[in-house]
$ cat target-v8.cif   # mmCIF, C-alpha atoms and all ligand atoms
data_data
loop_
_atom_site.label_atom_id
_atom_site.label_comp_id
_atom_site.auth_asym_id
_atom_site.auth_seq_id
_atom_site.Cartn_x
_atom_site.Cartn_y
_atom_site.Cartn_z
CA MET A 276 4.41 98.85 -128.46
CA HIS A 277 1.05 99.79 -129.88
CA LEU A 278 0.09 103.01 -131.67
CA THR A 279 -3.58 103.98 -131.88
CA PRO A 280 -5.16 106.44 -134.36
CA GLN A 281 -5.26 108.93 -131.45
CA ASP A 282 -1.48 108.88 -131.08
CA ARG A 283 0.70 111.73 -132.29
CA LEU A 284 4.31 110.74 -132.67
CA PHE A 285 7.25 113.18 -132.49
CA VAL A 286 10.54 111.56 -133.58
CA LEU A 287 13.97 113.09 -132.94
CA THR A 288 16.88 111.49 -134.78
CA GLY A 289 20.64 111.97 -134.54
CA ALA A 290 23.73 110.72 -136.31
CA GLY A 291 23.18 107.16 -135.01
CA VAL A 292 20.22 106.63 -137.34
CA SER A 293 22.55 107.01 -140.33
CA ALA A 294 25.44 105.00 -138.80
CA GLU A 295 24.26 101.76 -140.42
CA SER A 296 24.23 103.56 -143.78
CA GLY A 297 27.97 104.04 -143.33
CA LEU A 298 27.94 107.70 -142.24
CA ALA A 299 30.19 108.33 -139.24
CA THR A 300 28.72 109.70 -136.01
CA PHE A 301 30.33 112.80 -134.47
CA ARG A 302 31.35 111.45 -131.12
CA GLY A 303 33.04 108.14 -130.53
CA SER A 304 35.21 106.15 -132.90
CA GLY A 305 35.24 107.29 -136.51
CA GLY A 306 33.87 110.66 -135.45
CA LEU A 307 36.88 112.65 -136.55
CA TRP A 308 37.58 114.37 -139.85
CA ASN A 309 41.27 114.43 -140.81
CA GLY A 310 42.10 114.38 -137.11
CA HIS A 311 39.85 117.35 -136.28
CA ARG A 312 36.96 117.25 -133.84
CA VAL A 313 33.73 118.50 -135.38
CA GLU A 314 33.72 121.39 -132.91
CA GLU A 315 36.88 122.65 -134.65
CA VAL A 316 35.28 122.68 -138.11
CA ALA A 317 31.58 123.36 -137.57
CA THR A 318 31.82 126.82 -136.04
CA PRO A 319 31.54 130.43 -137.24
CA GLU A 320 35.12 130.91 -135.96
CA ALA A 321 36.45 128.12 -138.19
CA TRP A 322 34.64 129.71 -141.15
CA GLN A 323 36.10 133.15 -140.41
CA ALA A 324 39.59 131.67 -140.08
CA ASP A 325 39.56 129.39 -143.14
CA PRO A 326 36.43 129.03 -145.30
CA SER A 327 38.13 126.67 -147.77
CA PHE A 328 38.95 124.28 -144.92
CA VAL A 329 35.29 124.31 -143.87
CA TRP A 330 34.10 123.81 -147.48
CA ARG A 331 36.48 120.83 -147.88
CA PHE A 332 34.89 119.26 -144.80
CA TYR A 333 31.34 119.76 -146.08
CA SER A 334 32.27 118.70 -149.63
CA ALA A 335 33.56 115.42 -148.18
CA ARG A 336 30.34 115.01 -146.24
CA ARG A 337 28.32 115.67 -149.40
CA ARG A 338 30.30 112.94 -151.19
CA ASN A 339 29.73 110.46 -148.35
CA ALA A 340 26.02 111.21 -148.07
CA LEU A 341 25.51 110.93 -151.84
CA ALA A 342 27.17 107.50 -151.78
CA ALA A 343 25.08 106.27 -148.81
CA GLN A 344 21.68 104.59 -148.95
CA PRO A 345 18.79 104.71 -146.44
CA ASN A 346 18.92 101.78 -144.00
CA PRO A 347 16.04 99.81 -142.41
CA ALA A 348 15.72 102.46 -139.65
CA HIS A 349 15.03 105.27 -142.14
CA LEU A 350 12.60 103.01 -144.01
CA ALA A 351 10.81 102.01 -140.78
CA LEU A 352 10.25 105.66 -139.83
CA ALA A 353 8.75 106.37 -143.26
CA ARG A 354 6.43 103.37 -142.86
CA ILE A 355 5.36 104.47 -139.35
CA GLU A 356 4.55 107.92 -140.78
CA GLN A 357 2.53 106.39 -143.59
CA HIS A 358 0.56 104.30 -141.09
CA LEU A 359 -0.11 107.11 -138.59
CA THR A 360 -1.05 109.78 -141.12
CA GLN A 361 -3.76 107.95 -143.05
CA ASN A 362 -6.42 110.32 -141.69
CA ASP A 363 -4.39 113.25 -140.40
CA PRO A 364 -0.98 114.16 -141.88
CA THR A 365 -0.06 116.07 -138.72
CA CYS A 366 -0.02 112.97 -136.47
CA PHE A 367 3.67 112.43 -137.24
CA TYR A 368 6.60 114.84 -137.11
CA LEU A 369 10.23 113.95 -137.71
CA CYS A 370 12.77 116.40 -136.34
CA THR A 371 16.28 115.42 -137.32
CA GLN A 372 19.65 116.79 -136.25
CA ASN A 373 21.13 115.14 -139.33
CA VAL A 374 22.03 117.15 -142.39
CA ASP A 375 21.98 114.17 -144.79
CA ASP A 376 18.90 113.45 -146.92
CA LEU A 377 18.47 109.76 -146.09
CA HIS A 378 15.11 110.26 -144.33
CA GLU A 379 13.69 111.95 -147.44
CA ARG A 380 15.12 109.26 -149.70
CA ALA A 381 13.45 106.62 -147.50
CA GLY A 382 10.08 108.36 -148.00
CA SER A 383 9.63 110.56 -144.90
CA ARG A 384 7.45 113.58 -145.63
CA ARG A 385 6.86 115.69 -142.52
CA ILE A 386 10.51 116.27 -141.71
CA HIS A 387 12.39 119.21 -140.30
CA HIS A 388 16.20 119.53 -140.38
CA MET A 389 16.87 121.53 -137.22
CA HIS A 390 20.64 121.70 -137.93
CA GLY A 391 20.25 122.57 -141.62
CA SER A 392 20.78 120.57 -144.81
CA LEU A 393 23.93 119.31 -146.44
CA PHE A 394 22.48 119.87 -149.91
CA GLU A 395 21.64 123.53 -149.45
CA SER A 396 23.90 126.59 -149.28
CA ARG A 397 23.30 130.28 -148.74
CA CYS A 398 24.99 133.63 -149.29
CA VAL A 399 26.38 134.99 -146.02
CA ARG A 400 24.75 138.34 -146.80
CA CYS A 401 21.51 137.56 -148.72
CA ASP A 402 20.79 134.61 -146.40
CA GLN A 403 18.46 132.74 -148.81
CA PRO A 404 19.07 128.96 -148.88
CA PHE A 405 19.18 127.30 -152.30
CA PRO A 406 19.77 123.68 -153.45
CA ASP A 407 23.48 122.93 -153.97
CA ARG A 408 25.17 119.57 -154.59
CA ALA A 409 28.53 120.93 -155.74
CA PHE A 410 31.93 120.15 -154.21
CA TYR A 411 34.20 123.06 -153.29
CA GLU A 412 37.58 121.50 -152.75
CA THR A 413 39.94 124.02 -154.32
CA ALA A 414 41.03 127.48 -153.25
CA THR A 415 38.30 129.04 -155.45
CA LEU A 416 35.22 129.44 -153.30
CA PRO A 417 31.64 130.04 -154.48
CA THR A 418 30.35 133.61 -154.37
CA CYS A 419 26.88 135.12 -154.64
CA ARG A 420 25.72 136.16 -158.12
CA ASP A 421 23.79 139.09 -156.63
CA CYS A 422 26.20 140.61 -154.13
CA GLY A 423 29.54 138.82 -154.51
CA SER A 424 29.70 137.66 -150.89
CA LEU A 425 30.82 134.15 -149.98
CA ILE A 426 28.41 131.22 -150.17
CA ARG A 427 28.40 129.09 -147.02
CA PRO A 428 26.88 125.69 -146.18
CA HIS A 429 23.26 125.92 -144.93
CA ILE A 430 24.27 124.20 -141.70
CA VAL A 431 23.69 125.31 -138.13
CA TRP A 432 27.12 125.58 -136.55
CA PHE A 433 28.02 125.51 -132.86
CA GLY A 434 26.96 128.81 -131.34
CA GLU A 435 24.20 129.34 -133.94
CA ILE A 436 20.49 128.90 -133.27
CA PRO A 437 18.78 125.79 -134.72
CA LEU A 438 16.13 126.42 -137.37
CA ASP A 439 12.44 126.99 -136.51
CA MET A 440 12.60 126.09 -132.81
CA ASP A 441 9.11 127.58 -132.25
CA ASP A 442 7.60 125.08 -134.71
CA ILE A 443 9.49 122.25 -133.00
CA TYR A 444 8.18 123.21 -129.56
CA ALA A 445 4.62 123.55 -130.91
CA GLU A 446 4.77 120.09 -132.51
CA LEU A 447 6.19 118.57 -129.35
CA ALA A 448 3.45 120.09 -127.17
CA ARG A 449 0.81 118.31 -129.30
CA ALA A 450 2.54 114.89 -129.29
CA THR A 451 1.56 111.84 -127.24
CA THR A 452 4.88 110.00 -127.71
CA LEU A 453 8.46 111.20 -128.19
CA LEU A 454 10.76 108.65 -129.85
CA VAL A 455 14.44 109.64 -129.81
CA VAL A 456 16.89 107.63 -131.92
CA GLY A 457 20.68 107.60 -132.14
CA THR A 458 21.74 110.84 -130.50
CA SER A 459 24.23 111.26 -127.66
CA GLY A 460 22.02 113.75 -125.80
CA SER A 461 24.91 116.17 -125.49
CA VAL A 462 23.99 118.98 -127.93
CA TYR A 463 21.33 121.47 -126.87
CA PRO A 464 18.56 122.49 -127.48
CA ALA A 465 17.86 119.05 -129.08
CA ALA A 466 18.99 117.22 -125.93
CA GLY A 467 16.49 119.24 -123.87
CA LEU A 468 13.41 118.20 -125.86
CA VAL A 469 12.94 115.11 -123.69
CA ASP A 470 12.65 117.25 -120.54
CA ILE A 471 10.03 119.45 -122.21
CA ALA A 472 8.15 116.32 -123.28
CA ARG A 473 8.16 115.02 -119.70
CA LYS A 474 6.64 118.32 -118.50
CA HIS A 475 3.82 117.77 -121.03
CA HIS A 476 3.41 114.16 -119.70
CA ILE A 477 4.41 112.74 -123.07
CA CYS A 478 5.73 109.17 -123.13
CA THR A 479 9.46 109.28 -123.95
CA ILE A 480 11.46 106.42 -125.51
CA TYR A 481 15.14 106.27 -126.50
CA VAL A 482 16.61 103.81 -129.03
CA GLY A 483 20.37 103.33 -129.47
CA PRO A 484 23.17 100.90 -128.67
CA GLU A 485 24.26 102.81 -125.55
CA GLU A 486 22.62 105.12 -123.03
CA PRO A 487 22.66 108.82 -124.00
CA SER A 488 23.93 111.49 -121.57
CA ASN A 489 20.34 112.45 -120.74
CA ALA A 490 19.19 108.83 -120.18
CA ALA A 491 17.63 109.63 -116.79
CA SER A 492 15.00 111.79 -118.49
CA PHE A 493 13.46 108.95 -120.54
CA ASN A 494 10.56 106.69 -119.53
CA GLN A 495 12.06 103.84 -121.52
CA ILE A 496 15.47 103.05 -123.02
CA ILE A 497 15.73 100.36 -125.69
CA LEU A 498 19.35 99.31 -126.17
CA GLY A 499 19.90 98.22 -129.76
CA THR A 500 20.88 99.66 -133.08
CA ALA A 501 18.37 101.75 -135.01
CA ALA A 502 18.21 99.39 -137.98
CA GLN A 503 17.67 96.37 -135.73
CA THR A 504 15.12 97.99 -133.43
CA LEU A 505 12.92 100.40 -135.40
CA PRO A 506 11.39 98.02 -137.97
CA ALA A 507 9.60 96.17 -135.14
CA ILE A 508 9.27 98.83 -132.44
CA PHE A 509 5.53 99.40 -133.02
CA ASP A 510 3.19 96.55 -133.92
CA LEU A 511 1.91 97.95 -137.21
CA PRO A 512 -0.15 95.90 -139.68
CA SER A 513 2.18 94.27 -142.21
CA GLN A 514 1.94 95.55 -145.78
P1 LIG A 601 26.71 111.94 -131.76
O1 LIG A 601 27.86 111.51 -132.59
O2 LIG A 601 26.96 112.86 -130.62
O3 LIG A 601 26.00 110.67 -131.15
C1 LIG A 601 25.66 109.56 -131.97
C2 LIG A 601 24.84 108.61 -131.14
O4 LIG A 601 24.43 107.56 -132.00
C3 LIG A 601 25.59 107.98 -129.96
O5 LIG A 601 24.82 108.12 -128.80
C4 LIG A 601 25.69 106.50 -130.35
O6 LIG A 601 25.52 105.63 -129.25
C5 LIG A 601 24.52 106.35 -131.29
N1 LIG A 601 24.66 105.28 -132.29
C6 LIG A 601 25.79 104.78 -132.85
N2 LIG A 601 25.50 103.80 -133.72
C7 LIG A 601 24.14 103.67 -133.71
C8 LIG A 601 23.20 102.82 -134.38
N3 LIG A 601 23.62 101.91 -135.26
N4 LIG A 601 21.88 102.98 -134.13
C9 LIG A 601 21.46 103.92 -133.24
N5 LIG A 601 22.29 104.73 -132.57
C10 LIG A 601 23.61 104.62 -132.80
O7 LIG A 601 25.63 112.52 -132.78
P2 LIG A 601 24.40 113.52 -132.48
O8 LIG A 601 23.84 113.28 -131.12
O9 LIG A 601 23.48 113.42 -133.64
O10 LIG A 601 25.50 119.21 -134.99
O11 LIG A 601 25.12 114.90 -132.51
C11 LIG A 601 24.35 116.05 -132.31
C12 LIG A 601 24.91 117.20 -133.12
O12 LIG A 601 26.28 117.38 -132.84
C13 LIG A 601 24.89 116.96 -134.62
O13 LIG A 601 23.66 117.28 -135.22
C14 LIG A 601 25.95 117.87 -135.09
C15 LIG A 601 27.00 117.56 -134.07
O14 LIG A 601 27.93 118.49 -133.91
C16 LIG A 601 25.77 120.08 -135.96
O15 LIG A 601 26.38 119.78 -136.97
C17 LIG A 601 25.27 121.44 -135.66
ZN ZN A 602 24.37 137.61 -151.72
#

$ encode --input "target-v8.cif" --output "structure tokens"
Amino acid sequence: MHLTPQDRLFVLTGAGVSAESGLATFRGSGGLWNGHRVEEVATPEAWQADPSFVWRFYSARRRNALAAQPNPAHLALARIEQHLTQNDPTCFYLCTQNVDDLHERAGSRRIHHMHGSLFESRCVRCDQPFPDRAFYETATLPTCRDCGSLIRPHIVWFGEIPLDMDDIYAELARATTLLVVGTSGSVYPAAGLVDIARKHHICTIYVGPEEPSNAASFNQIILGTAAQTLPAIFDLPSQ
């Protein structure tokens, strides 16, 4: 596929883009944590019932993400951004459902974490996210210095609204191509972005080893892993 200087690329990534870095996806094999489905841990109800259980889950995910390295798919997306944004930094936008920081570590710049970030936390009352790489694996939980309330992961749980959806919709409306990578197409509103793109007559491409639930909405499906497919998906000049 060819990208011209007139193209504006919107990329949506899911857990599959980090699979080849060794981070488990949510659905399918390896997608469980201590026998629990993610829907049982990543909810406001789970937090109300047992915040230390939830913090143990996210502490384990922090450990795994810190130990992981970006793979060729993350690196390819950073290179595509570099190529497309030589004249206009807004020609590329990466919206990720992932909470790891592998896109940033690969060099991506215009990136939005719609489901929050693993390495940020916030007070349940003051609501201001701050950087946090600590592990909370004992019964003593972190509390806010200002008000004493509990500190929670800065993650969008099931039943909560993803971050900055208006910005996401505005970026999508300006795009010429939507590239979706490694997401099962089962969690909304992310899974609905392809339908919005089609209404705007944007070309829509999916990359992953199996068809997502919303496969019928895409113009093109490329079956293959992210790390195998993305480095050569666009014919960019070699560096
Ligand atoms: P899922 O676990 O639902 O789906 C992962 C997708 O990645 C599947 O469609 C796989 O086929 C695909 N996949 C597996 N290996 C791959 C590879 N090597 N290359 C490319 N694709 C591969 O993960 P998400 O769709 O990201 O939300 O899940 C969406 C949201 O549900 C997550 O952001 C998370 C979760 O609950 C929150 O935490 C709020
Ligand atoms: Zn507070």

$ closest_atom_pairs --input "target-v8.cif" --of "chain A" --to "ligand ZN 602 (chain A)" --cutoff "9 Å" --atoms "only C-alpha atoms and all ligand atoms" --output "CSV"
residue,atom,partner,partner_atom,distance
A:Arg397,CA,A:ZN602,ZN,8.0
A:Cys398,CA,A:ZN602,ZN,4.7
A:Val399,CA,A:ZN602,ZN,6.6
A:Arg400,CA,A:ZN602,ZN,5.0
A:Cys401,CA,A:ZN602,ZN,4.1
A:Asp402,CA,A:ZN602,ZN,7.1
A:Gln403,CA,A:ZN602,ZN,8.2
A:Thr418,CA,A:ZN602,ZN,7.7
A:Cys419,CA,A:ZN602,ZN,4.6
A:Arg420,CA,A:ZN602,ZN,6.7
A:Asp421,CA,A:ZN602,ZN,5.2
A:Cys422,CA,A:ZN602,ZN,4.3
A:Gly423,CA,A:ZN602,ZN,6.0
A:Ser424,CA,A:ZN602,ZN,5.4
A:Leu425,CA,A:ZN602,ZN,7.5
A:Ile426,CA,A:ZN602,ZN,7.7

$ residues_near_ligand --input "target-v8.cif" --ligand "ligand LIG 601 (chain A)" --cutoff "9 Å" --atoms "all atoms listed in the file" --output "NGL selection string"
:A and (288-296 or 299-303 or 306 or 313-314 or 317-318 or 348 or 371-374 or 389-391 or 430-435 or 437 or 456-463 or 465-466 or 482-488 or 498-504)

$ write_last_selection --input "target-v8.cif" --atoms "C-alpha atoms" --output "CSV table (one decimal), in the frame of the given file"
chain,number,residue,atom,x,y,z
A,288,THR,CA,16.9,111.5,-134.8
A,289,GLY,CA,20.6,112.0,-134.5
A,290,ALA,CA,23.7,110.7,-136.3
A,291,GLY,CA,23.2,107.2,-135.0
A,292,VAL,CA,20.2,106.6,-137.3
A,293,SER,CA,22.6,107.0,-140.3
A,294,ALA,CA,25.4,105.0,-138.8
A,295,GLU,CA,24.3,101.8,-140.4
A,296,SER,CA,24.2,103.6,-143.8
A,299,ALA,CA,30.2,108.3,-139.2
A,300,THR,CA,28.7,109.7,-136.0
A,301,PHE,CA,30.3,112.8,-134.5
A,302,ARG,CA,31.4,111.4,-131.1
A,303,GLY,CA,33.0,108.1,-130.5
A,306,GLY,CA,33.9,110.7,-135.4
A,313,VAL,CA,33.7,118.5,-135.4
A,314,GLU,CA,33.7,121.4,-132.9
A,317,ALA,CA,31.6,123.4,-137.6
A,318,THR,CA,31.8,126.8,-136.0
A,348,ALA,CA,15.7,102.5,-139.6
A,371,THR,CA,16.3,115.4,-137.3
A,372,GLN,CA,19.6,116.8,-136.2
A,373,ASN,CA,21.1,115.1,-139.3
A,374,VAL,CA,22.0,117.2,-142.4
A,389,MET,CA,16.9,121.5,-137.2
A,390,HIS,CA,20.6,121.7,-137.9
A,391,GLY,CA,20.2,122.6,-141.6
A,430,ILE,CA,24.3,124.2,-141.7
A,431,VAL,CA,23.7,125.3,-138.1
A,432,TRP,CA,27.1,125.6,-136.6
A,433,PHE,CA,28.0,125.5,-132.9
A,434,GLY,CA,27.0,128.8,-131.3
A,435,GLU,CA,24.2,129.3,-133.9
A,437,PRO,CA,18.8,125.8,-134.7
A,456,VAL,CA,16.9,107.6,-131.9
A,457,GLY,CA,20.7,107.6,-132.1
A,458,THR,CA,21.7,110.8,-130.5
A,459,SER,CA,24.2,111.3,-127.7
A,460,GLY,CA,22.0,113.8,-125.8
A,461,SER,CA,24.9,116.2,-125.5
A,462,VAL,CA,24.0,119.0,-127.9
A,463,TYR,CA,21.3,121.5,-126.9
A,465,ALA,CA,17.9,119.0,-129.1
A,466,ALA,CA,19.0,117.2,-125.9
A,482,VAL,CA,16.6,103.8,-129.0
A,483,GLY,CA,20.4,103.3,-129.5
A,484,PRO,CA,23.2,100.9,-128.7
A,485,GLU,CA,24.3,102.8,-125.6
A,486,GLU,CA,22.6,105.1,-123.0
A,487,PRO,CA,22.7,108.8,-124.0
A,488,SER,CA,23.9,111.5,-121.6
A,498,LEU,CA,19.4,99.3,-126.2
A,499,GLY,CA,19.9,98.2,-129.8
A,500,THR,CA,20.9,99.7,-133.1
A,501,ALA,CA,18.4,101.8,-135.0
A,502,ALA,CA,18.2,99.4,-138.0
A,503,GLN,CA,17.7,96.4,-135.7
A,504,THR,CA,15.1,98.0,-133.4

$ axis_aligned_box --input "target-v8.cif" --around "segment 489-500 of chain A" --padding-each-side "6 Å" --output "lines of an AutoDock Vina configuration file"
center_x = 15.7
center_y = 105.3
center_z = -124.9
size_x = 22.3
size_y = 26.2
size_z = 28.3

$ atom_distance --input "target-v8.cif" --atom1 "atom CA of Asp407 of chain A" --atom2 "atom CA of Arg354 of chain A"
28.2 Å

$ closest_residue --input "target-v8.cif" --among "A:Glu412, A:Asp282, A:Glu395, A:Asp375" --to "Phe509 of chain A" --atoms "all atoms listed in the file"
A:Asp282

$ atom_distance --input "target-v8.cif" --atom1 "atom CA of Tyr368 of chain A" --atom2 "atom CA of Pro280 of chain A"
14.7 Å

$ atom_distance --input "target-v8.cif" --atom1 "atom CA of Phe394 of chain A" --atom2 "atom CA of Arg408 of chain A"
5.4 Å

$ closest_residue --input "target-v8.cif" --among "A:Leu284, A:Arg427, A:Ser392, A:Leu359" --to "Ala472 of chain A" --atoms "all atoms listed in the file"
A:Leu284

$ closest_residue --input "target-v8.cif" --among "A:Phe367, A:Phe285, A:Phe405, A:Phe410" --to "Tyr333 of chain A" --atoms "only C-alpha atoms"
A:Phe410

$ residues_near_point --input "target-v8.cif" --point "(13.8, 107.8, -116.1)" --cutoff "12 Å" --atoms "all atoms listed in the file" --output "list in words"
Val469, Asp470, Arg473, Cys478, Thr479, Ile480, Tyr481, Glu486, Pro487, Asn489, Ala490, Ala491, Ser492, Phe493, Asn494, Gln495 and Ile496 of chain A

$ closest_residue --input "target-v8.cif" --among "A:Leu287, A:Leu416, A:Met440, A:Val329" --to "Val455 of chain A" --atoms "all atoms listed in the file"
A:Leu287
